file work.txt (compact mmCIF, C-alpha atoms and all ligand atoms)
# COMPACT_ATOMS: atom_id res chain seq x y z
CA MET A 20 -36.63 42.36 -27.29
CA SER A 21 -35.02 40.00 -24.77
CA SER A 22 -31.52 40.63 -23.49
CA LEU A 23 -29.03 38.99 -21.19
CA LEU A 24 -25.70 40.21 -19.85
CA LEU A 25 -22.91 37.83 -18.89
CA ARG A 26 -20.48 39.71 -16.67
CA ASN A 27 -17.42 39.20 -14.51
CA ILE A 28 -15.95 36.74 -17.02
CA GLY A 29 -12.49 35.56 -15.94
CA CYS A 30 -11.49 34.23 -19.36
CA LEU A 31 -13.40 34.66 -22.61
CA ILE A 32 -12.49 32.03 -25.21
CA SER A 33 -13.18 32.92 -28.84
CA GLY A 34 -13.43 29.51 -30.50
CA LYS A 35 -10.94 30.71 -33.14
CA VAL A 36 -7.87 28.52 -33.19
CA ASP A 37 -5.53 31.26 -34.47
CA LYS A 38 -6.74 33.86 -31.95
CA PRO A 39 -8.20 31.80 -29.12
CA TYR A 40 -8.99 34.59 -26.61
CA CYS A 41 -11.36 37.56 -26.78
CA GLU A 42 -10.69 40.86 -25.09
CA GLY A 43 -13.37 41.82 -22.62
CA ASP A 44 -15.04 40.41 -19.57
CA ALA A 45 -18.70 40.89 -20.41
CA VAL A 46 -21.02 39.81 -23.24
CA LEU A 47 -24.38 41.39 -23.99
CA ILE A 48 -26.87 39.23 -25.86
CA LYS A 49 -29.91 40.63 -27.62
CA ASP A 50 -32.62 38.53 -29.26
CA GLY A 51 -30.48 35.44 -29.23
CA LEU A 52 -27.42 36.98 -30.86
CA ILE A 53 -24.17 38.28 -29.40
CA ALA A 54 -24.62 42.07 -29.52
CA VAL A 55 -21.64 43.54 -27.63
CA ILE A 56 -18.39 42.12 -26.29
CA GLY A 57 -16.98 44.56 -23.78
CA GLY A 58 -15.88 45.38 -20.31
CA ASN A 59 -17.64 45.33 -16.99
CA SER A 60 -18.67 48.89 -17.84
CA LEU A 61 -21.53 47.37 -19.86
CA ALA A 62 -24.53 48.46 -17.84
CA GLU A 63 -26.61 45.88 -16.03
CA SER A 64 -29.61 48.05 -16.78
CA ASP A 65 -29.16 47.22 -20.49
CA ALA A 66 -30.32 43.65 -19.84
CA ASP A 67 -33.45 41.83 -18.66
CA LEU A 68 -31.31 39.18 -17.01
CA VAL A 69 -27.77 39.47 -15.64
CA VAL A 70 -25.54 36.47 -15.06
CA ASP A 71 -22.50 37.10 -12.87
CA VAL A 72 -20.18 34.23 -13.77
CA GLN A 73 -17.95 35.00 -10.75
CA GLY A 74 -14.69 34.95 -12.70
CA ALA A 75 -15.30 31.65 -14.47
CA THR A 76 -14.55 30.96 -18.15
CA VAL A 77 -17.00 31.56 -21.00
CA ALA A 78 -16.58 29.67 -24.27
CA PRO A 79 -18.66 28.96 -27.37
CA GLY A 80 -21.15 26.13 -26.94
CA LEU A 81 -19.46 22.92 -28.05
CA ILE A 82 -20.24 21.33 -31.41
CA ASP A 83 -20.28 17.54 -31.58
CA SER A 84 -19.24 16.82 -35.18
CA HIS A 85 -20.31 13.18 -35.09
CA VAL A 86 -23.62 11.91 -33.72
CA HIS A 87 -25.79 9.04 -34.92
CA PRO A 88 -29.34 10.13 -34.07
CA VAL A 89 -32.60 8.78 -35.48
CA LEU A 90 -35.70 10.79 -34.56
CA GLY A 91 -36.20 12.79 -31.39
CA ASP A 92 -34.11 12.32 -28.28
CA TYR A 93 -34.08 8.53 -28.43
CA THR A 94 -31.46 6.07 -29.69
CA PRO A 95 -32.62 2.62 -30.81
CA ARG A 96 -28.91 1.59 -30.82
CA GLN A 97 -28.70 1.69 -27.00
CA LYS A 98 -32.45 1.92 -26.29
CA MET A 99 -31.91 5.13 -24.39
CA LEU A 100 -33.97 8.28 -23.95
CA ASP A 101 -32.71 11.85 -23.54
CA PHE A 102 -29.09 11.27 -24.56
CA MET A 103 -28.94 14.63 -26.35
CA GLU A 104 -30.28 16.50 -23.35
CA SER A 105 -27.62 14.69 -21.32
CA SER A 106 -24.94 15.91 -23.78
CA LEU A 107 -26.25 19.47 -23.41
CA HIS A 108 -25.22 19.04 -19.77
CA GLY A 109 -21.75 18.24 -21.16
CA GLY A 110 -21.62 21.64 -22.86
CA VAL A 111 -22.76 20.51 -26.35
CA THR A 112 -25.18 22.97 -27.97
CA THR A 113 -24.93 21.78 -31.61
CA MET A 114 -24.67 18.31 -33.11
CA ILE A 115 -23.93 17.23 -36.68
CA SER A 116 -25.47 13.97 -37.81
CA ALA A 117 -22.99 11.61 -39.44
CA GLY A 118 -25.91 9.53 -40.70
CA GLU A 119 -28.93 7.77 -39.23
CA PRO A 120 -27.83 4.13 -39.76
CA HIS A 121 -29.46 2.99 -36.51
CA THR A 122 -32.96 3.50 -37.92
CA PRO A 123 -34.73 0.19 -37.37
CA GLY A 124 -35.23 -1.50 -40.74
CA ARG A 125 -33.27 1.24 -42.50
CA PRO A 126 -34.20 1.20 -46.20
CA LYS A 127 -31.24 0.65 -48.52
CA ASP A 128 -32.80 1.57 -51.86
CA PRO A 129 -32.44 5.05 -53.41
CA ALA A 130 -36.03 6.12 -52.64
CA GLY A 131 -35.77 4.88 -49.04
CA THR A 132 -32.40 6.44 -48.24
CA LYS A 133 -33.58 9.75 -49.71
CA ALA A 134 -36.83 9.64 -47.74
CA LEU A 135 -34.93 8.94 -44.52
CA ALA A 136 -32.56 11.89 -45.09
CA ILE A 137 -35.43 14.25 -45.88
CA LEU A 138 -37.50 13.11 -42.89
CA CYS A 139 -34.61 13.36 -40.42
CA HIS A 140 -33.49 16.72 -41.84
CA LYS A 141 -36.95 18.27 -41.60
CA SER A 142 -37.61 16.76 -38.20
CA SER A 143 -34.41 18.26 -36.78
CA ARG A 144 -35.21 21.61 -38.36
CA ASN A 145 -38.59 21.74 -36.61
CA TYR A 146 -37.58 20.29 -33.27
CA ARG A 147 -34.49 20.49 -31.07
CA PRO A 148 -34.05 17.16 -29.33
CA GLY A 149 -33.03 17.80 -25.73
CA GLY A 150 -32.67 21.50 -26.55
CA VAL A 151 -29.66 20.83 -28.83
CA LYS A 152 -29.39 22.33 -32.32
CA LEU A 153 -29.26 19.05 -34.20
CA HIS A 154 -28.42 19.08 -37.90
CA GLY A 155 -30.04 15.79 -38.82
CA GLY A 156 -30.72 13.98 -42.05
CA ALA A 157 -27.30 12.99 -43.40
CA LEU A 158 -27.80 11.00 -46.59
CA ILE A 159 -26.38 7.48 -46.58
CA LEU A 160 -24.96 6.63 -50.00
CA GLU A 161 -26.69 3.60 -51.49
CA LYS A 162 -26.20 2.01 -54.88
CA GLY A 163 -28.42 3.44 -57.60
CA LEU A 164 -28.44 7.10 -56.50
CA LYS A 165 -28.24 9.41 -59.51
CA GLU A 166 -27.31 13.06 -59.96
CA GLU A 167 -30.96 14.10 -60.04
CA ASP A 168 -31.42 12.54 -56.59
CA PHE A 169 -28.81 14.90 -55.14
CA ALA A 170 -30.53 17.84 -56.85
CA GLU A 171 -33.88 16.76 -55.38
CA LEU A 172 -32.40 16.32 -51.88
CA ALA A 173 -30.72 19.73 -51.99
CA GLY A 174 -34.05 21.21 -53.06
CA GLU A 175 -35.59 19.75 -49.90
CA GLY A 176 -32.85 21.30 -47.78
CA VAL A 177 -30.70 18.21 -47.19
CA TRP A 178 -27.08 19.39 -47.00
CA LEU A 179 -25.20 16.58 -45.28
CA VAL A 180 -23.90 13.28 -46.59
CA GLY A 181 -23.32 10.88 -43.69
CA GLU A 182 -20.20 8.77 -43.43
CA VAL A 183 -19.35 7.32 -46.81
CA GLY A 184 -18.94 3.60 -46.16
CA LEU A 185 -22.08 3.19 -44.03
CA GLY A 186 -24.23 2.29 -47.04
CA SER A 187 -23.90 -0.09 -49.97
CA VAL A 188 -21.56 2.20 -51.94
CA LYS A 189 -18.14 0.83 -50.97
CA ASP A 190 -16.10 1.26 -54.15
CA PRO A 191 -14.07 4.50 -53.87
CA GLU A 192 -14.54 5.42 -57.55
CA GLU A 193 -18.31 4.93 -57.32
CA ALA A 194 -18.38 6.96 -54.09
CA ALA A 195 -16.18 9.71 -55.59
CA GLN A 196 -18.72 10.26 -58.40
CA MET A 197 -21.57 10.62 -55.89
CA VAL A 198 -19.48 12.96 -53.75
CA ARG A 199 -18.86 15.17 -56.80
CA TRP A 200 -22.65 15.35 -57.30
CA ALA A 201 -23.14 16.12 -53.59
CA HIS A 202 -20.58 18.94 -53.76
CA LYS A 203 -22.18 20.30 -56.95
CA TYR A 204 -25.41 20.79 -54.96
CA GLY A 205 -23.65 22.37 -51.98
CA MET A 206 -23.59 19.41 -49.61
CA LYS A 207 -20.93 18.62 -46.98
CA VAL A 208 -19.59 15.07 -47.00
CA MET A 209 -18.15 12.90 -44.22
CA MET A 210 -16.30 9.64 -44.74
CA HIS A 211 -15.74 6.76 -42.35
CA THR A 212 -12.00 6.21 -41.90
CA GLY A 213 -10.26 3.13 -40.51
CA GLY A 214 -11.48 -0.28 -39.47
CA THR A 215 -14.96 -1.71 -39.87
CA SER A 216 -17.43 -0.46 -37.26
CA LEU A 217 -20.30 -2.89 -37.70
CA PRO A 218 -20.97 -6.06 -39.67
CA GLY A 219 -21.83 -4.80 -43.15
CA SER A 220 -19.58 -1.73 -43.12
CA SER A 221 -16.06 -1.80 -44.53
CA VAL A 222 -12.41 -1.00 -43.82
CA VAL A 223 -11.55 2.41 -45.28
CA THR A 224 -7.93 3.30 -46.05
CA ALA A 225 -6.26 6.69 -46.44
CA GLY A 226 -6.02 5.95 -50.17
CA ASP A 227 -9.81 5.49 -50.33
CA VAL A 228 -10.35 8.81 -48.53
CA LEU A 229 -7.93 10.59 -50.87
CA THR A 230 -9.82 9.17 -53.87
CA VAL A 231 -13.25 10.17 -52.58
CA GLN A 232 -12.24 13.66 -51.29
CA PRO A 233 -14.87 14.21 -48.60
CA ASP A 234 -14.97 17.45 -46.59
CA VAL A 235 -14.01 15.58 -43.44
CA ALA A 236 -12.23 12.31 -42.78
CA SER A 237 -14.39 11.08 -39.92
CA HIS A 238 -12.69 9.61 -36.85
CA VAL A 239 -9.11 9.43 -38.14
CA ASN A 240 -8.45 7.78 -34.76
CA GLY A 241 -10.91 5.01 -35.62
CA GLY A 242 -14.58 4.38 -35.15
CA PRO A 243 -13.58 2.48 -33.10
CA THR A 244 -10.63 0.76 -34.86
CA ALA A 245 -7.87 3.12 -35.99
CA PRO A 246 -6.08 2.97 -39.33
CA PRO A 247 -2.30 2.43 -39.19
CA LEU A 248 -0.44 5.57 -38.05
CA GLN A 249 1.26 5.98 -41.44
CA GLU A 250 -2.20 6.31 -43.03
CA ILE A 251 -3.05 9.09 -40.58
CA GLU A 252 0.18 10.77 -41.60
CA ARG A 253 -0.88 10.56 -45.27
CA LEU A 254 -4.19 12.24 -44.46
CA VAL A 255 -2.40 15.03 -42.61
CA THR A 256 0.22 15.65 -45.29
CA GLU A 257 -1.50 14.75 -48.58
CA ALA A 258 -4.93 16.29 -47.99
CA GLN A 259 -6.42 19.60 -46.88
CA MET A 260 -9.72 18.22 -45.58
CA ALA A 261 -10.81 18.42 -41.96
CA LEU A 262 -9.71 15.53 -39.74
CA GLU A 263 -11.95 14.41 -36.93
CA ILE A 264 -10.95 12.85 -33.63
CA VAL A 265 -13.73 11.06 -31.75
CA HIS A 266 -14.28 9.84 -28.23
CA CYS A 267 -15.31 6.34 -29.30
CA GLY A 268 -11.98 5.74 -31.03
CA ASN A 269 -8.36 4.90 -30.36
CA PRO A 270 -6.58 7.25 -27.89
CA LYS A 271 -3.07 6.52 -29.19
CA ALA A 272 -4.08 7.34 -32.77
CA ALA A 273 -5.86 10.49 -31.50
CA ASP A 274 -2.64 11.60 -29.84
CA TYR A 275 -0.66 10.91 -33.01
CA ALA A 276 -3.05 12.84 -35.27
CA ALA A 277 -3.32 15.82 -32.91
CA ARG A 278 0.44 16.13 -32.45
CA LEU A 279 1.04 15.95 -36.18
CA LEU A 280 -1.57 18.62 -36.94
CA LYS A 281 -0.07 20.87 -34.26
CA GLU A 282 3.46 20.31 -35.57
CA LYS A 283 2.39 21.20 -39.13
CA GLY A 284 0.55 24.34 -37.95
CA GLU A 285 -2.78 22.91 -39.18
CA LEU A 286 -4.89 22.77 -36.05
CA HIS A 287 -7.67 24.58 -37.93
CA ARG A 288 -8.36 21.19 -39.60
CA LEU A 289 -9.01 19.42 -36.29
CA VAL A 290 -12.63 18.81 -35.25
CA ILE A 291 -13.89 16.79 -32.30
CA GLY A 292 -16.80 14.38 -32.31
CA ASN A 293 -18.27 11.82 -30.00
CA ASP A 294 -19.38 9.04 -32.41
CA ALA A 295 -22.18 8.13 -30.06
CA PRO A 296 -24.60 6.53 -29.78
CA SER A 297 -22.61 3.57 -31.03
CA GLY A 298 -21.60 0.15 -29.82
CA THR A 299 -19.32 1.92 -27.35
CA GLY A 300 -22.36 3.51 -25.74
CA VAL A 301 -23.69 6.97 -25.03
CA ILE A 302 -21.14 9.29 -23.44
CA PRO A 303 -22.65 12.66 -22.44
CA LEU A 304 -19.24 14.08 -21.49
CA GLY A 305 -17.48 12.61 -24.55
CA ILE A 306 -16.50 15.91 -26.15
CA LEU A 307 -15.15 17.29 -22.86
CA ARG A 308 -13.24 14.05 -22.32
CA VAL A 309 -11.49 14.26 -25.72
CA MET A 310 -10.66 17.89 -24.98
CA ALA A 311 -9.13 16.89 -21.63
CA GLN A 312 -7.16 14.07 -23.26
CA LEU A 313 -5.72 16.22 -26.06
CA SER A 314 -4.88 19.19 -23.86
CA SER A 315 -3.33 17.16 -21.05
CA MET A 316 -1.42 14.62 -23.13
CA SER A 317 -0.98 15.81 -26.73
CA GLY A 318 0.42 19.30 -26.32
CA ILE A 319 -2.67 21.17 -27.53
CA SER A 320 -3.59 24.11 -25.31
CA GLY A 321 -6.94 24.26 -23.54
CA ALA A 322 -8.10 27.21 -25.66
CA GLU A 323 -7.06 25.39 -28.86
CA VAL A 324 -9.06 22.27 -27.97
CA VAL A 325 -12.08 24.46 -27.31
CA ALA A 326 -11.70 25.81 -30.87
CA ALA A 327 -11.44 22.27 -32.25
CA ALA A 328 -14.80 21.56 -30.61
CA SER A 329 -16.46 24.82 -31.69
CA GLY A 330 -15.10 27.38 -34.16
CA ASN A 331 -13.30 24.86 -36.38
CA THR A 332 -16.47 22.82 -36.77
CA ALA A 333 -18.61 25.91 -37.35
CA ALA A 334 -16.25 27.01 -40.13
CA LEU A 335 -16.26 23.53 -41.69
CA TYR A 336 -20.06 23.38 -41.81
CA GLY A 337 -20.78 27.09 -42.32
CA LEU A 338 -22.69 27.53 -39.04
CA ASN A 339 -23.31 30.91 -37.43
CA THR A 340 -22.40 29.58 -33.99
CA GLY A 341 -19.22 28.23 -32.37
CA VAL A 342 -17.41 31.59 -32.13
CA VAL A 343 -17.72 34.45 -29.65
CA GLU A 344 -18.23 37.32 -32.08
CA VAL A 345 -20.84 40.03 -32.56
CA GLY A 346 -23.71 38.73 -34.72
CA ARG A 347 -23.18 35.06 -33.91
CA GLU A 348 -25.91 32.95 -32.31
CA ALA A 349 -25.44 33.21 -28.54
CA ASP A 350 -24.74 29.54 -27.84
CA LEU A 351 -22.34 29.73 -24.92
CA VAL A 352 -21.05 27.59 -22.10
CA VAL A 353 -19.78 28.74 -18.71
CA LEU A 354 -16.90 26.47 -17.72
CA ASP A 355 -14.82 26.29 -14.57
CA ALA A 356 -12.43 23.98 -12.79
CA PRO A 357 -14.38 21.28 -11.01
CA MET A 358 -14.23 21.37 -7.22
CA GLY A 359 -11.07 19.65 -6.02
CA SER A 360 -9.20 19.98 -9.34
CA VAL A 361 -5.51 20.89 -9.25
CA GLY A 362 -6.32 23.37 -12.05
CA GLU A 363 -7.52 26.75 -10.81
CA ASP A 364 -9.70 27.48 -13.84
CA ALA A 365 -11.36 25.60 -16.71
CA LEU A 366 -8.33 25.68 -19.03
CA LYS A 367 -5.87 24.68 -16.30
CA ALA A 368 -8.21 21.83 -15.33
CA LEU A 369 -8.33 20.64 -18.97
CA GLU A 370 -4.55 20.82 -19.22
CA ALA A 371 -4.33 18.78 -16.00
CA GLY A 372 -6.60 16.16 -17.61
CA ASP A 373 -9.73 16.95 -15.61
CA VAL A 374 -13.12 17.26 -17.27
CA PRO A 375 -14.16 20.86 -16.55
CA ALA A 376 -17.35 21.71 -14.72
CA VAL A 377 -20.20 23.10 -16.79
CA GLY A 378 -21.71 25.94 -14.79
CA MET A 379 -24.31 27.04 -17.31
CA VAL A 380 -25.33 26.58 -20.93
CA LEU A 381 -27.04 29.20 -23.09
CA VAL A 382 -28.69 28.41 -26.42
CA ASP A 383 -29.75 31.44 -28.48
CA GLY A 384 -29.15 33.51 -25.36
CA LYS A 385 -31.55 31.48 -23.22
CA VAL A 386 -30.34 29.86 -20.00
CA MET A 387 -30.85 26.11 -20.47
CA PHE A 388 -29.69 25.24 -16.96
CA ASN A 389 -27.60 26.59 -14.12
CA ILE A 390 -25.12 23.87 -13.00
CA SER A 391 -24.80 20.72 -15.07
CA ARG A 392 -26.29 17.52 -13.73
CA ASN A 393 -23.47 15.51 -15.35
CA THR A 394 -20.17 17.25 -14.62
CA PRO A 395 -18.77 17.74 -11.12
CA PRO A 396 -19.78 21.09 -9.56
CA PRO A 397 -17.73 24.19 -10.47
CA LYS A 398 -15.50 26.07 -8.08
CA ARG A 399 -17.49 29.22 -8.97
CA LYS A 400 -21.24 29.08 -9.50
CA PRO A 401 -22.91 31.61 -11.84
CA VAL A 402 -25.39 33.91 -10.10
CA LEU A 403 -28.54 35.08 -11.91
CA LYS A 404 -30.20 38.42 -11.31
CA GLU A 405 -33.51 39.48 -12.90
CA MET A 406 -33.57 43.18 -13.66
CA LYS A 407 -36.81 45.02 -12.91
CA LYS A 408 -37.92 47.18 -15.82
ZN ZN B 501 -17.77 5.69 -38.69
call {"tool": "encode", "arguments": {"input": "work.txt", "output": "structure tokens", "more": "lines below"}}
Ligand SMILES: [Zn+2]
result
Amino acid sequence: MSSLLLRNIGCLISGKVDKPYCEGDAVLIKDGLIAVIGGNSLAESDADLVVDVQGATVAPGLIDSHVHPVLGDYTPRQKMLDFMESSLHGGVTTMISAGEPHTPGRPKDPAGTKALAILCHKSSRNYRPGGVKLHGGALILEKGLKEEDFAELAGEGVWLVGEVGLGSVKDPEEAAQMVRWAHKYGMKVMMHTGGTSLPGSSVVTAGDVLTVQPDVASHVNGGPTAPPLQEIERLVTEAQMALEIVHCGNPKAADYAARLLKEKGELHRLVIGNDAPSGTGVIPLGILRVMAQLSSMSGISGAEVVAAASGNTAALYGLNTGVVEVGREADLVVLDAPMGSVGEDALKALEAGDVPAVGMVLVDGKVMFNISRNTPPPKRKPVLKEMKK
């Protein structure tokens, strides 16, 4: 049995938007799961490894709800290696594929799109690119798919439908039928919202999204072109689905959507994605940057934006991570104010608009690194101590 104790935690963020803080200043991890959340009275001798976080903040590992991977830690879109490992250094421990449209020569027939989803799903299940828990293999809806195809895909473990609108199925009624089949077989469905992203994709209106009824309206602030603000308002008021704000979108529309969700008391519907790699690029700190934007400019507290990038997404996709709770996978991030920030801790730095420093990332209770190579250095550096048994 392997165990690790995080102690001397200044602020423990839960990842739950309705109760964003946990009581306690120490977390004991056993065999990759959170075992005890308690006080500094938790004995160091209970653990193989002790991490003194020196009063910094501990939060759930961030979940990027919108990535466009292909295979491994390589993106043909920007011809770049190790972008997922670089995002891990931005605090992201889990990524949800929104489809693999950047696959060179992507097949657009039913057999090809199914094969791609199965391959990418199984590849991501067997291998963590860059150390990140990638949920890959999001089916792209192409003309000709039948109900039995969804049954077959579900049988192979595929449980995601990538952004509706990426493939040849553009008509909302045609898409709605396929989405009903996907839901029948337990799949989660995303839908591109707003302006056209690439030649070949299409403009998607709020009315289209309301017809199709996906589980999440992807990038309501545009990917990258936003829909009109009144369409965002329709999605907030006329639907119950999750609404995603992405880095590679429109900041004004992001502000509008976030404020409206806060005002309506529906922040549990807000999830944060990167939408990279894309034409905008690869942005390893994209999730932290959206968090800093929303908490400094849109009236969402630092702890609430953490939940929008962790617990909300975990609840949407049914993942056993993203929340600091006994029994959850111990995917955690140690955050602090970056050196020189006017904020004295991670949340104050976020609310001041600074990207926080990532001091350490744990995946399944294993230390992935101590001090991020991408964020500025933290004011307080975690100290590791091996316990002799
Ligand atoms: Zn999109």
call {"tool": "residues_near_point", "arguments": {"input": "work.txt", "point": "(-17.9, 20.1, -41.9)", "cutoff": "8 Å", "atoms": "all atoms listed in the file", "output": "PyMOL selection string"}}
result
chain A and resi 84+207-209+234-235+261+332-337
call {"tool": "residues_near_ligand", "arguments": {"input": "work.txt", "ligand": "ligand ZN 501 (chain B)", "cutoff": "7 Å", "atoms": "all atoms listed in the file", "output": "ChimeraX atom specification"}}
result
/A:182,211-212,216,237-238,242
call {"tool": "atom_distance", "arguments": {"input": "work.txt", "atom1": "CA of Val151 in chain A", "atom2": "CA of Asp92 in chain A"}}
result
9.6 Å
call {"tool": "closest_residue", "arguments": {"input": "work.txt", "among": "A:Glu104, A:Glu344, A:Asp373, A:Asp37", "to": "Asn393 in chain A", "atoms": "all atoms listed in the file"}}
result
A:Glu104
call {"tool": "residues_around", "arguments": {"input": "work.txt", "residues": "Gly268 in chain A", "least_positions_apart": "3", "cutoff": "7 Å", "atoms": "all atoms listed in the file", "output": "count of residues only"}}
result
7
call {"tool": "atom_distance", "arguments": {"input": "work.txt", "atom1": "CA of Leu366 in chain A", "atom2": "CA of Gly43 in chain A"}}
result
17.3 Å
call {"tool": "closest_residue", "arguments": {"input": "work.txt", "among": "A:Gln249, A:Thr215, A:Ser187, A:Thr394", "to": "Ser106 in chain A", "atoms": "only C-alpha atoms"}}
result
A:Thr394
call {"tool": "closest_residue", "arguments": {"input": "work.txt", "among": "A:Val86, A:Val77, A:Val36, A:Ala349", "to": "Ala376 in chain A", "atoms": "only C-alpha atoms"}}
result
A:Val77
call {"tool": "atom_distance", "arguments": {"input": "work.txt", "atom1": "CA of Leu338 in chain A", "atom2": "CA of Leu369 in chain A"}}
result
25.6 Å
call {"tool": "residues_near_point", "arguments": {"input": "work.txt", "point": "(-28.4, 7.3, -39.8)", "cutoff": "7 Å", "atoms": "only C-alpha atoms", "output": "PDB file with C-alpha atoms, in the frame of the given file"}}
result
ATOM      1  CA  HIS A  87     -25.790   9.040 -34.920  1.00  0.00           C
ATOM      2  CA  PRO A  88     -29.340  10.130 -34.070  1.00  0.00           C
ATOM      3  CA  VAL A  89     -32.600   8.780 -35.480  1.00  0.00           C
ATOM      4  CA  ALA A 117     -22.990  11.610 -39.440  1.00  0.00           C
ATOM      5  CA  GLY A 118     -25.910   9.530 -40.700  1.00  0.00           C
ATOM      6  CA  GLU A 119     -28.930   7.770 -39.230  1.00  0.00           C
ATOM      7  CA  PRO A 120     -27.830   4.130 -39.760  1.00  0.00           C
ATOM      8  CA  HIS A 121     -29.460   2.990 -36.510  1.00  0.00           C
ATOM      9  CA  THR A 122     -32.960   3.500 -37.920  1.00  0.00           C
ATOM     10  CA  ALA A 157     -27.300  12.990 -43.400  1.00  0.00           C
TER      11      ALA A 157
END
call {"tool": "residues_around", "arguments": {"input": "work.txt", "residues": "Leu279 in chain A", "least_positions_apart": "2", "cutoff": "12 Å", "atoms": "all atoms listed in the file", "output": "list in words"}}
result
Leu248, Gln249, Ile251, Glu252, Arg253, Leu254, Val255, Thr256, Leu262, Ala272, Ala273, Asp274, Tyr275, Ala276, Ala277, Lys281, Glu282, Lys283, Gly284, Glu285, Leu286, Arg288, Leu289, Ser317, Gly318 and Ile319 of chain A
call {"tool": "write_last_selection", "arguments": {"input": "work.txt", "atoms": "C-alpha atoms", "output": "PDB file, in the frame of the given file"}}
result
ATOM      1  CA  LEU A 248      -0.440   5.570 -38.050  1.00  0.00           C
ATOM      2  CA  GLN A 249       1.260   5.980 -41.440  1.00  0.00           C
ATOM      3  CA  ILE A 251      -3.050   9.090 -40.580  1.00  0.00           C
ATOM      4  CA  GLU A 252       0.180  10.770 -41.600  1.00  0.00           C
ATOM      5  CA  ARG A 253      -0.880  10.560 -45.270  1.00  0.00           C
ATOM      6  CA  LEU A 254      -4.190  12.240 -44.460  1.00  0.00           C
ATOM      7  CA  VAL A 255      -2.400  15.030 -42.610  1.00  0.00           C
ATOM      8  CA  THR A 256       0.220  15.650 -45.290  1.00  0.00           C
ATOM      9  CA  LEU A 262      -9.710  15.530 -39.740  1.00  0.00           C
ATOM     10  CA  ALA A 272      -4.080   7.340 -32.770  1.00  0.00           C
ATOM     11  CA  ALA A 273      -5.860  10.490 -31.500  1.00  0.00           C
ATOM     12  CA  ASP A 274      -2.640  11.600 -29.840  1.00  0.00           C
ATOM     13  CA  TYR A 275      -0.660  10.910 -33.010  1.00  0.00           C
ATOM     14  CA  ALA A 276      -3.050  12.840 -35.270  1.00  0.00           C
ATOM     15  CA  ALA A 277      -3.320  15.820 -32.910  1.00  0.00           C
ATOM     16  CA  LYS A 281      -0.070  20.870 -34.260  1.00  0.00           C
ATOM     17  CA  GLU A 282       3.460  20.310 -35.570  1.00  0.00           C
ATOM     18  CA  LYS A 283       2.390  21.200 -39.130  1.00  0.00           C
ATOM     19  CA  GLY A 284       0.550  24.340 -37.950  1.00  0.00           C
ATOM     20  CA  GLU A 285      -2.780  22.910 -39.180  1.00  0.00           C
ATOM     21  CA  LEU A 286      -4.890  22.770 -36.050  1.00  0.00           C
ATOM     22  CA  ARG A 288      -8.360  21.190 -39.600  1.00  0.00           C
ATOM     23  CA  LEU A 289      -9.010  19.420 -36.290  1.00  0.00           C
ATOM     24  CA  SER A 317      -0.980  15.810 -26.730  1.00  0.00           C
ATOM     25  CA  GLY A 318       0.420  19.300 -26.320  1.00  0.00           C
ATOM     26  CA  ILE A 319      -2.670  21.170 -27.530  1.00  0.00           C
TER      27      ILE A 319
END
call {"tool": "closest_residue", "arguments": {"input": "work.txt", "among": "A:Glu167, A:Pro396, A:Val342, A:Leu158", "to": "Thr132 in chain A", "atoms": "only C-alpha atoms"}}
result
A:Leu158
call {"tool": "closest_residue", "arguments": {"input": "work.txt", "among": "A:Cys41, A:Asp128, A:Arg399, A:Val386", "to": "Ser22 in chain A", "atoms": "only C-alpha atoms"}}
result
A:Val386
call {"tool": "closest_residue", "arguments": {"input": "work.txt", "among": "A:Leu90, A:Val377, A:Leu138, A:Leu25", "to": "Val55 in chain A", "atoms": "only C-alpha atoms"}}
result
A:Leu25
call {"tool": "residues_around", "arguments": {"input": "work.txt", "residues": "Pro303 in chain A", "least_positions_apart": "5", "cutoff": "12 Å", "atoms": "all atoms listed in the file", "output": "list in words"}}
result
Asp83, Val86, Asp101, Phe102, Met103, Glu104, Ser105, Ser106, Leu107, His108, Gly109, Gly110, Val111, Thr112, His266, Cys267, Gly292, Asn293, Asp294, Ala295, Pro296, Arg308, Val309, Val374, Ser391, Arg392, Asn393 and Thr394 of chain A
call {"tool": "write_last_selection", "arguments": {"input": "work.txt", "atoms": "C-alpha atoms", "output": "compact mmCIF listing (two decimals), in the frame of the given file"}}
result
# COMPACT_ATOMS: atom_id res chain seq x y z
CA ASP A 83 -20.28 17.54 -31.58
CA VAL A 86 -23.62 11.91 -33.72
CA ASP A 101 -32.71 11.85 -23.54
CA PHE A 102 -29.09 11.27 -24.56
CA MET A 103 -28.94 14.63 -26.35
CA GLU A 104 -30.28 16.50 -23.35
CA SER A 105 -27.62 14.69 -21.32
CA SER A 106 -24.94 15.91 -23.78
CA LEU A 107 -26.25 19.47 -23.41
CA HIS A 108 -25.22 19.04 -19.77
CA GLY A 109 -21.75 18.24 -21.16
CA GLY A 110 -21.62 21.64 -22.86
CA VAL A 111 -22.76 20.51 -26.35
CA THR A 112 -25.18 22.97 -27.97
CA HIS A 266 -14.28 9.84 -28.23
CA CYS A 267 -15.31 6.34 -29.30
CA GLY A 292 -16.80 14.38 -32.31
CA ASN A 293 -18.27 11.82 -30.00
CA ASP A 294 -19.38 9.04 -32.41
CA ALA A 295 -22.18 8.13 -30.06
CA PRO A 296 -24.60 6.53 -29.78
CA ARG A 308 -13.24 14.05 -22.32
CA VAL A 309 -11.49 14.26 -25.72
CA VAL A 374 -13.12 17.26 -17.27
CA SER A 391 -24.80 20.72 -15.07
CA ARG A 392 -26.29 17.52 -13.73
CA ASN A 393 -23.47 15.51 -15.35
CA THR A 394 -20.17 17.25 -14.62
call {"tool": "residues_around", "arguments": {"input": "work.txt", "residues": "Met210 in chain A", "least_positions_apart": "3", "cutoff": "12 Å", "atoms": "only C-alpha atoms", "output": "NGL selection string"}}
result
:A and (85 or 117-118 or 157-160 or 179-186 or 188-189 or 191 or 194-195 or 198 or 207 or 213 or 220-225 or 227-239 or 241-242 or 260-263)
